[in-house]
$ cat final20.pdb   # PDB, C-alpha atoms
ATOM      1  CA  MET A   1       3.948  71.227  79.489
ATOM      2  CA  GLN A   2       2.349  71.299  76.198
ATOM      3  CA  ASN A   3       0.691  68.174  74.972
ATOM      4  CA  ASP A   4       2.206  66.523  71.955
ATOM      5  CA  VAL A   5       0.109  67.267  68.971
ATOM      6  CA  ARG A   6      -0.111  64.410  66.504
ATOM      7  CA  LYS A   7      -1.504  64.734  63.079
ATOM      8  CA  GLU A   8      -4.040  62.259  61.894
ATOM      9  CA  PRO A   9      -2.458  59.794  59.533
ATOM     10  CA  GLY A  10      -3.327  60.445  55.927
ATOM     11  CA  ALA A  11      -4.671  57.885  53.509
ATOM     12  CA  VAL A  12      -2.091  55.433  52.389
ATOM     13  CA  ARG A  13      -1.705  55.343  48.651
ATOM     14  CA  LYS A  14      -0.836  52.100  46.988
ATOM     15  CA  MET A  15       1.829  52.243  44.350
ATOM     16  CA  THR A  16       0.655  50.233  41.400
ATOM     17  CA  ARG A  17       2.864  48.992  38.625
ATOM     18  CA  ALA A  18       1.952  48.038  35.127
ATOM     19  CA  PRO A  19       1.555  44.273  34.829
ATOM     20  CA  PRO A  20       4.536  42.597  33.280
ATOM     21  CA  MET A  21       4.259  41.749  29.619
ATOM     22  CA  ASN A  22       3.454  38.113  28.871
ATOM     23  CA  LEU A  23       6.743  37.219  27.323
ATOM     24  CA  PRO A  24       7.209  33.570  26.345
ATOM     25  CA  SER A  25       9.186  31.654  28.871
ATOM     26  CA  ASP A  26      12.255  29.636  27.975
ATOM     27  CA  GLU A  27      10.242  26.454  28.398
ATOM     28  CA  ALA A  28       7.511  27.596  26.003
ATOM     29  CA  ALA A  29      10.095  28.737  23.487
ATOM     30  CA  ALA A  30      11.885  25.409  23.703
ATOM     31  CA  GLN A  31       8.601  23.547  23.282
ATOM     32  CA  GLY A  32       7.708  25.601  20.223
ATOM     33  CA  SER A  33      11.138  25.001  18.742
ATOM     34  CA  SER A  34      10.815  21.274  19.396
ATOM     35  CA  MET A  35       7.406  21.131  17.721
ATOM     36  CA  GLY A  36       8.760  23.008  14.737
ATOM     37  CA  ALA A  37      11.631  20.557  14.433
ATOM     38  CA  VAL A  38       9.203  17.618  14.582
ATOM     39  CA  VAL A  39       6.994  19.101  11.865
ATOM     40  CA  LEU A  40      10.020  19.862   9.710
ATOM     41  CA  GLY A  41      11.283  16.318  10.188
ATOM     42  CA  GLU A  42       7.925  14.847   9.206
ATOM     43  CA  VAL A  43       7.726  17.020   6.100
ATOM     44  CA  THR A  44      11.248  15.995   5.114
ATOM     45  CA  ALA A  45      10.413  12.327   5.654
ATOM     46  CA  LEU A  46       7.283  12.622   3.505
ATOM     47  CA  ARG A  47       9.303  14.277   0.750
ATOM     48  CA  LEU A  48      11.812  11.434   0.818
ATOM     49  CA  VAL A  49       8.997   8.886   0.628
ATOM     50  CA  TRP A  50       7.479  10.713  -2.338
ATOM     51  CA  GLU A  51      10.849  10.829  -4.099
ATOM     52  CA  GLN A  52      11.127   7.064  -3.738
ATOM     53  CA  MET A  53       7.558   6.538  -4.900
ATOM     54  CA  LYS A  54       7.991   8.515  -8.112
ATOM     55  CA  TRP A  55      11.447   7.132  -8.962
ATOM     56  CA  SER A  56       9.738   4.683 -11.308
ATOM     57  CA  ARG A  57       6.747   6.297 -12.984
ATOM     58  CA  ALA A  58       5.584   2.946 -14.317
ATOM     59  CA  LEU A  59       5.470   1.520 -10.802
ATOM     60  CA  LEU A  60       3.679   4.610  -9.502
ATOM     61  CA  ILE A  61       1.020   4.245 -12.206
ATOM     62  CA  LEU A  62       0.691   0.549 -11.416
ATOM     63  CA  LEU A  63       0.170   1.314  -7.727
ATOM     64  CA  GLY A  64      -2.430   3.946  -8.585
ATOM     65  CA  LEU A  65      -4.376   1.517 -10.771
ATOM     66  CA  THR A  66      -4.207  -1.170  -8.090
ATOM     67  CA  ILE A  67      -5.497   1.207  -5.424
ATOM     68  CA  PHE A  68      -8.303   2.364  -7.734
ATOM     69  CA  TRP A  69      -9.346  -1.209  -8.501
ATOM     70  CA  THR A  70      -9.148  -2.307  -4.863
ATOM     71  CA  ALA A  71     -11.197   0.665  -3.696
ATOM     72  CA  SER A  72     -13.738  -0.039  -6.434
ATOM     73  CA  LEU A  73     -14.309  -3.516  -5.004
ATOM     74  CA  PHE A  74     -15.797  -1.805  -1.947
ATOM     75  CA  ILE A  75     -17.416   1.169  -3.691
ATOM     76  CA  ALA A  76     -19.204  -0.563  -6.585
ATOM     77  CA  PRO A  77     -21.574  -2.619  -4.371
ATOM     78  CA  LEU A  78     -22.553   0.609  -2.607
ATOM     79  CA  THR A  79     -23.629   2.278  -5.854
ATOM     80  CA  ILE A  80     -26.359  -0.259  -6.624
ATOM     81  CA  ALA A  81     -29.469  -1.169  -4.684
ATOM     82  CA  PRO A  82     -29.284  -3.978  -2.108
ATOM     83  CA  ASN A  83     -29.764  -7.514  -3.474
ATOM     84  CA  THR A  84     -28.947  -6.365  -7.012
ATOM     85  CA  PHE A  85     -25.986  -8.753  -7.151
ATOM     86  CA  ALA A  86     -26.587 -11.540  -4.669
ATOM     87  CA  PHE A  87     -26.406 -15.335  -4.410
ATOM     88  CA  THR A  88     -24.729 -15.793  -7.789
ATOM     89  CA  LEU A  89     -22.903 -18.828  -9.153
ATOM     90  CA  GLY A  90     -20.468 -18.947 -12.040
ATOM     91  CA  GLY A  91     -17.165 -20.113 -13.427
ATOM     92  CA  ALA A  92     -13.718 -18.554 -13.442
ATOM     93  CA  ASN A  93     -12.234 -16.719 -16.449
ATOM     94  CA  VAL A  94     -15.618 -16.258 -18.121
ATOM     95  CA  VAL A  95     -18.295 -13.552 -17.890
ATOM     96  CA  ASP A  96     -21.345 -15.424 -16.582
ATOM     97  CA  HIS A  97     -23.701 -12.570 -15.716
ATOM     98  CA  TRP A  98     -23.535 -10.273 -18.741
ATOM     99  CA  ASN A  99     -27.311 -10.132 -19.063
ATOM    100  CA  LEU A 100     -27.567  -9.044 -15.437
ATOM    101  CA  TYR A 101     -25.071  -6.219 -15.932
ATOM    102  CA  GLN A 102     -27.050  -4.893 -18.900
ATOM    103  CA  GLY A 103     -30.060  -4.194 -16.692
ATOM    104  CA  ALA A 104     -31.055  -0.751 -15.492
ATOM    105  CA  ALA A 105     -30.097  -1.655 -11.917
ATOM    106  CA  PHE A 106     -26.386  -1.396 -12.801
ATOM    107  CA  ASN A 107     -24.863   2.026 -13.398
ATOM    108  CA  TRP A 108     -21.927   2.297 -15.786
ATOM    109  CA  TYR A 109     -19.341   2.257 -12.981
ATOM    110  CA  ALA A 110     -20.710  -0.874 -11.294
ATOM    111  CA  LYS A 111     -21.180  -2.491 -14.704
ATOM    112  CA  VAL A 112     -17.478  -2.080 -15.555
ATOM    113  CA  ILE A 113     -16.191  -3.212 -12.154
ATOM    114  CA  TYR A 114     -18.457  -6.259 -11.923
ATOM    115  CA  THR A 115     -17.735  -7.289 -15.516
ATOM    116  CA  VAL A 116     -13.968  -7.151 -14.971
ATOM    117  CA  GLY A 117     -14.394  -9.054 -11.717
ATOM    118  CA  ASP A 118     -16.587 -11.655 -13.398
ATOM    119  CA  ALA A 119     -13.945 -12.238 -16.071
ATOM    120  CA  GLN A 120     -11.390 -13.319 -13.472
ATOM    121  CA  CYS A 121     -13.475 -14.890 -10.695
ATOM    122  CA  HIS A 122     -16.254 -17.462 -10.375
ATOM    123  CA  GLN A 123     -18.205 -15.120  -8.033
ATOM    124  CA  LEU A 124     -19.616 -17.858  -5.828
ATOM    125  CA  TRP A 125     -21.804 -16.147  -3.250
ATOM    126  CA  TYR A 126     -20.681 -18.346  -0.347
ATOM    127  CA  ARG A 127     -17.021 -17.462  -0.991
ATOM    128  CA  SER A 128     -17.592 -13.731  -1.325
ATOM    129  CA  LEU A 129     -17.625 -10.782   1.025
ATOM    130  CA  TRP A 130     -20.820  -8.743   1.249
ATOM    131  CA  ILE A 131     -21.593  -5.056   1.624
ATOM    132  CA  ASN A 132     -24.872  -3.164   1.199
ATOM    133  CA  GLY A 133     -26.633  -6.469   0.606
ATOM    134  CA  ASN A 134     -24.477  -7.192  -2.470
ATOM    135  CA  GLN A 135     -21.595  -9.532  -3.161
ATOM    136  CA  PHE A 136     -18.193  -8.112  -3.910
ATOM    137  CA  PRO A 137     -17.185  -8.271  -7.600
ATOM    138  CA  ILE A 138     -14.607 -10.948  -6.693
ATOM    139  CA  ASP A 139     -14.327 -13.485  -3.897
ATOM    140  CA  ALA A 140     -12.724 -13.024  -0.487
ATOM    141  CA  ARG A 141      -9.326 -14.518  -1.371
ATOM    142  CA  MET A 142      -8.852 -12.395  -4.478
ATOM    143  CA  THR A 143      -9.980  -9.303  -2.585
ATOM    144  CA  SER A 144      -7.299  -9.989   0.016
ATOM    145  CA  LEU A 145      -4.686 -10.584  -2.687
ATOM    146  CA  TYR A 146      -5.394  -7.205  -4.282
ATOM    147  CA  ILE A 147      -5.408  -5.335  -0.965
ATOM    148  CA  PHE A 148      -2.075  -6.695   0.188
ATOM    149  CA  GLY A 149      -0.718  -6.652  -3.344
ATOM    150  CA  ALA A 150      -0.940  -2.854  -3.118
ATOM    151  CA  PHE A 151       1.101  -2.995   0.091
ATOM    152  CA  GLY A 152       3.609  -5.218  -1.702
ATOM    153  CA  LEU A 153       3.973  -2.643  -4.481
ATOM    154  CA  PHE A 154       4.572   0.073  -1.902
ATOM    155  CA  TRP A 155       7.129  -2.187  -0.208
ATOM    156  CA  ALA A 156       8.937  -2.434  -3.544
ATOM    157  CA  MET A 157       8.849   1.349  -3.911
ATOM    158  CA  MET A 158      10.626   1.782  -0.586
ATOM    159  CA  THR A 159      13.278  -0.819  -1.493
ATOM    160  CA  GLN A 160      16.661  -0.010  -2.992
ATOM    161  CA  PRO A 161      16.488  -0.722  -6.737
ATOM    162  CA  ALA A 162      18.590  -3.368  -8.415
ATOM    163  CA  ALA A 163      19.215  -4.473 -11.979
ATOM    164  CA  SER A 164      17.566  -7.830 -11.260
ATOM    165  CA  ALA A 165      14.307  -8.668  -9.516
ATOM    166  CA  SER A 166      16.069 -11.291  -7.377
ATOM    167  CA  ARG A 167      18.565  -8.781  -6.013
ATOM    168  CA  GLY A 168      15.732  -6.325  -5.463
ATOM    169  CA  ILE A 169      13.734  -8.829  -3.410
ATOM    170  CA  ALA A 170      16.806  -9.457  -1.260
ATOM    171  CA  ASN A 171      17.201  -5.690  -0.771
ATOM    172  CA  ALA A 172      13.684  -5.570   0.682
ATOM    173  CA  PHE A 173      14.838  -7.373   3.830
ATOM    174  CA  PRO A 174      17.041  -6.308   6.769
ATOM    175  CA  PRO A 175      20.851  -6.442   6.345
ATOM    176  CA  ARG A 176      21.210  -9.692   8.301
ATOM    177  CA  ILE A 177      18.800 -11.484   5.972
ATOM    178  CA  GLN A 178      20.480  -9.879   2.965
ATOM    179  CA  ARG A 179      23.820 -11.344   4.022
ATOM    180  CA  TRP A 180      22.221 -14.770   4.344
ATOM    181  CA  ALA A 181      20.622 -14.333   0.913
ATOM    182  CA  GLU A 182      24.023 -13.592  -0.598
ATOM    183  CA  LYS A 183      25.427 -16.781   0.927
ATOM    184  CA  VAL A 184      22.716 -19.010  -0.517
ATOM    185  CA  GLY A 185      22.373 -16.938  -3.690
ATOM    186  CA  VAL A 186      19.913 -14.111  -4.272
ATOM    187  CA  GLU A 187      18.118 -16.062  -7.015
ATOM    188  CA  LYS A 188      17.444 -19.002  -4.701
ATOM    189  CA  PHE A 189      16.453 -16.621  -1.922
ATOM    190  CA  ALA A 190      13.947 -14.822  -4.164
ATOM    191  CA  VAL A 191      12.411 -18.120  -5.264
ATOM    192  CA  LEU A 192      12.126 -19.170  -1.616
ATOM    193  CA  VAL A 193      10.404 -15.909  -0.643
ATOM    194  CA  VAL A 194       7.872 -16.164  -3.466
ATOM    195  CA  PHE A 195       7.270 -19.856  -2.778
ATOM    196  CA  LEU A 196       6.641 -19.309   0.931
ATOM    197  CA  GLY A 197       4.348 -16.387   0.134
ATOM    198  CA  ILE A 198       2.054 -18.273  -2.223
ATOM    199  CA  LEU A 199       2.248 -21.595  -0.356
ATOM    200  CA  PRO A 200      -0.714 -20.862   1.981
ATOM    201  CA  VAL A 201      -2.878 -19.901  -1.006
ATOM    202  CA  GLY A 202      -1.827 -23.036  -2.852
ATOM    203  CA  ILE A 203      -2.522 -25.377   0.041
ATOM    204  CA  ASP A 204      -5.895 -23.887   0.930
ATOM    205  CA  GLY A 205      -6.986 -23.346  -2.665
ATOM    206  CA  PHE A 206      -6.020 -26.727  -4.097
ATOM    207  CA  THR A 207      -7.355 -28.619  -1.089
ATOM    208  CA  GLN A 208     -10.658 -26.865  -1.667
ATOM    209  CA  LEU A 209     -10.466 -27.412  -5.441
ATOM    210  CA  PHE A 210     -10.483 -31.185  -4.977
ATOM    211  CA  GLN A 211     -13.170 -31.130  -2.314
ATOM    212  CA  ALA A 212     -14.825 -34.151  -3.899
ATOM    213  CA  VAL A 213     -11.895 -36.085  -2.460
ATOM    214  CA  THR A 214     -10.815 -33.899   0.462
ATOM    215  CA  GLN A 215     -14.323 -32.919   1.634
ATOM    216  CA  TYR A 216     -12.845 -29.516   2.499
ATOM    217  CA  GLU A 217     -14.466 -26.106   2.054
ATOM    218  CA  SER A 218     -12.451 -23.133   3.239
ATOM    219  CA  THR A 219     -13.862 -20.124   5.082
ATOM    220  CA  ASN A 220     -13.675 -16.453   4.190
ATOM    221  CA  ALA A 221     -11.467 -15.808   7.218
ATOM    222  CA  VAL A 222      -8.928 -18.384   5.996
ATOM    223  CA  ARG A 223      -9.168 -17.070   2.439
ATOM    224  CA  ILE A 224      -8.363 -13.553   3.636
ATOM    225  CA  LEU A 225      -5.486 -14.698   5.861
ATOM    226  CA  THR A 226      -3.875 -16.796   3.125
ATOM    227  CA  GLY A 227      -4.160 -13.842   0.774
ATOM    228  CA  VAL A 228      -1.973 -11.680   3.022
ATOM    229  CA  PRO A 229       1.447 -13.274   2.298
ATOM    230  CA  GLY A 230       0.422 -14.095  -1.258
ATOM    231  CA  GLY A 231      -0.490 -10.504  -2.026
ATOM    232  CA  LEU A 232       2.621  -9.104  -0.356
ATOM    233  CA  VAL A 233       5.095 -11.266  -2.271
ATOM    234  CA  ALA A 234       3.183 -10.876  -5.545
ATOM    235  CA  GLY A 235       3.264  -7.095  -5.205
ATOM    236  CA  LEU A 236       6.915  -7.131  -4.157
ATOM    237  CA  LEU A 237       7.920  -9.374  -7.072
ATOM    238  CA  LEU A 238       6.001  -7.340  -9.643
ATOM    239  CA  GLY A 239       7.282  -4.067  -8.214
ATOM    240  CA  MET A 240      10.918  -5.159  -8.217
ATOM    241  CA  MET A 241      10.584  -6.402 -11.800
ATOM    242  CA  VAL A 242       9.371  -2.955 -12.864
ATOM    243  CA  LYS A 243      12.149  -1.241 -10.901
ATOM    244  CA  ALA A 244      14.748  -3.608 -12.368
ATOM    245  CA  ILE A 245      13.836  -2.414 -15.859
ATOM    246  CA  LYS A 246      14.312   1.204 -14.773
ATOM    247  CA  GLN A 247      17.563   0.422 -12.951
ATOM    248  CA  PHE A 248      18.951  -1.426 -15.969
ATOM    249  CA  ASP A 249      18.199   1.619 -18.120
ATOM    250  CA  VAL A 250      19.885   3.906 -15.575
ATOM    251  CA  GLU A 251      23.029   1.762 -15.451
ATOM    252  CA  TYR A 252      23.126   1.425 -19.239
ATOM    253  CA  ARG A 253      22.921   5.186 -19.700
ATOM    254  CA  SER A 254      25.628   5.665 -17.076
ATOM    255  CA  MET A 255      27.936   3.231 -18.877
ATOM    256  CA  ARG A 256      27.402   5.002 -22.189
ATOM    257  CA  PHE A 257      28.129   8.360 -20.584
ATOM    258  CA  ARG A 258      31.393   7.136 -19.053
ATOM    259  CA  ALA A 259      32.546   5.200 -22.105
ATOM    260  CA  PRO A 260      35.492   6.894 -23.874
ATOM    261  CA  VAL A 261      34.787   8.246 -27.318
ATOM    262  CA  PRO A 262      36.999   6.450 -29.864
ATOM    263  CA  SER A 263      39.281   8.797 -31.724
ATOM    264  CA  LEU A 264      39.736   8.569 -35.457
ATOM    265  CA  ASP A 265      43.373   8.363 -36.539
ATOM    266  CA  LYS A 266      44.130  10.833 -39.249
ATOM    267  CA  GLU A 267      46.257   9.592 -42.074
TER     268      GLU A 267
END
$ encode --input "final20.pdb" --output "structure tokens"
Amino acid sequence: MQNDVRKEPGAVRKMTRAPPMNLPSDEAAAQGSSMGAVVLGEVTALRLVWEQMKWSRALLILLGLTIFWTASLFIAPLTIAPNTFAFTLGGANVVDHWNLYQGAAFNWYAKVIYTVGDAQCHQLWYRSLWINGNQFPIDARMTSLYIFGAFGLFWAMMTQPAASASRGIANAFPPRIQRWAEKVGVEKFAVLVVFLGILPVGIDGFTQLFQAVTQYESTNAVRILTGVPGGLVAGLLLGMMVKAIKQFDVEYRSMRFRAPVPSLDKE
């Protein structure tokens, strides 16, 4: 018998395939679509906010000036050397430190900001905030009032306009509170809101004013806290007054447009 002859096995070749293309999965595509929708929604929301902000140009300008002034309260002390304006005493509604502002230590920007602040504030060093070794141009309470007054103006911008400031203030609150305001009267409601907003400032300020009798001196923390509601309602009231003027003009123009033109009878 012949032996079986077997051939040696040849080398095994591996069949290689081209790697699959990195195509985006359904999950990645969905995630990208979701992110795009979020970005689009945010852009749309910002556009709506901007439309509301520029509805009244006068109010937009007022907000811009308030933000500039409030920022300057922090920036001006940084533009002068430390201890240039420190430990001062003065009276309200009068410029007490004009000679100091005329010195070479004050640049034109700080000179303007501190002079305007001096005209409206007594600038007592122990009632002021400090930065860079200098007092702020106005005291802590007024600084707080301006900061939150800007927020109050923005609050008014985001509120539905009305032909009266009272109705506008009521519109600034949720529907449930608006319904209650209509029951008691929007004028009374607006007066109540403003009164409650400035009440903390009045109590703290007047108690301190008569400290010869009350023996009370407030603190900067209390001055700042009482300025929060006061600034908010002051900004809201001022903003709604400006918007009421614009809304009245809009309604007046609309009435004139819809009014029928009288015809002249021909003889």
$ atom_distance --input "final20.pdb" --atom1 "atom CA of A:Gly91" --atom2 "atom CA of A:Val228"
23.9 Å
$ resolve_selection --input "final20.pdb" --expression "the PyMOL selection byres ((chain A and resi 42-55) around 10)" --output "VMD selection string"
chain A and resid 36 to 41 56 to 61 63 153 to 161 243 246 to 247
$ atom_distance --input "final20.pdb" --atom1 "atom CA of A:Ile203" --atom2 "atom CA of A:Leu65"
29.0 Å
$ resolve_selection --input "final20.pdb" --expression "the PyMOL selection byres ((chain A and resi 115) around 12)" --output "PyMOL selection string"
chain A and resi 73+76+85+93-102+106-114+116-123+136-138
$ write_last_selection --input "final20.pdb" --atoms "C-alpha atoms" --output "PDB file, in the frame of the given file"
ATOM      1  CA  LEU A  73     -14.309  -3.516  -5.004  1.00  0.00           C
ATOM      2  CA  ALA A  76     -19.204  -0.563  -6.585  1.00  0.00           C
ATOM      3  CA  PHE A  85     -25.986  -8.753  -7.151  1.00  0.00           C
ATOM      4  CA  ASN A  93     -12.234 -16.719 -16.449  1.00  0.00           C
ATOM      5  CA  VAL A  94     -15.618 -16.258 -18.121  1.00  0.00           C
ATOM      6  CA  VAL A  95     -18.295 -13.552 -17.890  1.00  0.00           C
ATOM      7  CA  ASP A  96     -21.345 -15.424 -16.582  1.00  0.00           C
ATOM      8  CA  HIS A  97     -23.701 -12.570 -15.716  1.00  0.00           C
ATOM      9  CA  TRP A  98     -23.535 -10.273 -18.741  1.00  0.00           C
ATOM     10  CA  ASN A  99     -27.311 -10.132 -19.063  1.00  0.00           C
ATOM     11  CA  LEU A 100     -27.567  -9.044 -15.437  1.00  0.00           C
ATOM     12  CA  TYR A 101     -25.071  -6.219 -15.932  1.00  0.00           C
ATOM     13  CA  GLN A 102     -27.050  -4.893 -18.900  1.00  0.00           C
ATOM     14  CA  PHE A 106     -26.386  -1.396 -12.801  1.00  0.00           C
ATOM     15  CA  ASN A 107     -24.863   2.026 -13.398  1.00  0.00           C
ATOM     16  CA  TRP A 108     -21.927   2.297 -15.786  1.00  0.00           C
ATOM     17  CA  TYR A 109     -19.341   2.257 -12.981  1.00  0.00           C
ATOM     18  CA  ALA A 110     -20.710  -0.874 -11.294  1.00  0.00           C
ATOM     19  CA  LYS A 111     -21.180  -2.491 -14.704  1.00  0.00           C
ATOM     20  CA  VAL A 112     -17.478  -2.080 -15.555  1.00  0.00           C
ATOM     21  CA  ILE A 113     -16.191  -3.212 -12.154  1.00  0.00           C
ATOM     22  CA  TYR A 114     -18.457  -6.259 -11.923  1.00  0.00           C
ATOM     23  CA  VAL A 116     -13.968  -7.151 -14.971  1.00  0.00           C
ATOM     24  CA  GLY A 117     -14.394  -9.054 -11.717  1.00  0.00           C
ATOM     25  CA  ASP A 118     -16.587 -11.655 -13.398  1.00  0.00           C
ATOM     26  CA  ALA A 119     -13.945 -12.238 -16.071  1.00  0.00           C
ATOM     27  CA  GLN A 120     -11.390 -13.319 -13.472  1.00  0.00           C
ATOM     28  CA  CYS A 121     -13.475 -14.890 -10.695  1.00  0.00           C
ATOM     29  CA  HIS A 122     -16.254 -17.462 -10.375  1.00  0.00           C
ATOM     30  CA  GLN A 123     -18.205 -15.120  -8.033  1.00  0.00           C
ATOM     31  CA  PHE A 136     -18.193  -8.112  -3.910  1.00  0.00           C
ATOM     32  CA  PRO A 137     -17.185  -8.271  -7.600  1.00  0.00           C
ATOM     33  CA  ILE A 138     -14.607 -10.948  -6.693  1.00  0.00           C
TER      34      ILE A 138
END
$ resolve_selection --input "final20.pdb" --expression "the PyMOL selection byres ((chain A and resi 152) around 8)" --output "list in words"
Phe148, Gly149, Ala150, Phe151, Leu153, Phe154, Trp155, Ala156, Gly231, Leu232, Val233, Ala234, Gly235, Leu236 and Gly239 of chain A
$ residues_around --input "final20.pdb" --residues "A:Leu129" --least-positions-apart "2" --cutoff "12 Å" --atoms "only C-alpha atoms" --output "VMD selection string"
chain A and resid 73 to 74 77 85 to 87 123 to 127 131 to 144 219 to 221 223 to 224
$ write_last_selection --input "final20.pdb" --atoms "C-alpha atoms" --output "tab-separated table (two decimals), in the frame of the given file"
chain	number	residue	atom	x	y	z
A	73	LEU	CA	-14.31	-3.52	-5.00
A	74	PHE	CA	-15.80	-1.80	-1.95
A	77	PRO	CA	-21.57	-2.62	-4.37
A	85	PHE	CA	-25.99	-8.75	-7.15
A	86	ALA	CA	-26.59	-11.54	-4.67
A	87	PHE	CA	-26.41	-15.34	-4.41
A	123	GLN	CA	-18.20	-15.12	-8.03
A	124	LEU	CA	-19.62	-17.86	-5.83
A	125	TRP	CA	-21.80	-16.15	-3.25
A	126	TYR	CA	-20.68	-18.35	-0.35
A	127	ARG	CA	-17.02	-17.46	-0.99
A	131	ILE	CA	-21.59	-5.06	1.62
A	132	ASN	CA	-24.87	-3.16	1.20
A	133	GLY	CA	-26.63	-6.47	0.61
A	134	ASN	CA	-24.48	-7.19	-2.47
A	135	GLN	CA	-21.60	-9.53	-3.16
A	136	PHE	CA	-18.19	-8.11	-3.91
A	137	PRO	CA	-17.18	-8.27	-7.60
A	138	ILE	CA	-14.61	-10.95	-6.69
A	139	ASP	CA	-14.33	-13.48	-3.90
A	140	ALA	CA	-12.72	-13.02	-0.49
A	141	ARG	CA	-9.33	-14.52	-1.37
A	142	MET	CA	-8.85	-12.40	-4.48
A	143	THR	CA	-9.98	-9.30	-2.58
A	144	SER	CA	-7.30	-9.99	0.02
A	219	THR	CA	-13.86	-20.12	5.08
A	220	ASN	CA	-13.68	-16.45	4.19
A	221	ALA	CA	-11.47	-15.81	7.22
A	223	ARG	CA	-9.17	-17.07	2.44
A	224	ILE	CA	-8.36	-13.55	3.64
$ closest_residue --input "final20.pdb" --among "A:Ala104, A:Ala170, A:Val193, A:Ile67" --to "A:Tyr146" --atoms "all atoms listed in the file"
A:Ile67
$ atom_distance --input "final20.pdb" --atom1 "atom CA of A:Met240" --atom2 "atom CA of A:Pro174"
16.2 Å
$ closest_residue --input "final20.pdb" --among "A:Glu251, A:Ile245, A:Ser166, A:Ser34" --to "A:Val191" --atoms "all atoms listed in the file"
A:Ser166
$ closest_residue --input "final20.pdb" --among "A:Leu192, A:Ala71, A:Leu237, A:Ala81" --to "A:Ser164" --atoms "only C-alpha atoms"
A:Leu237
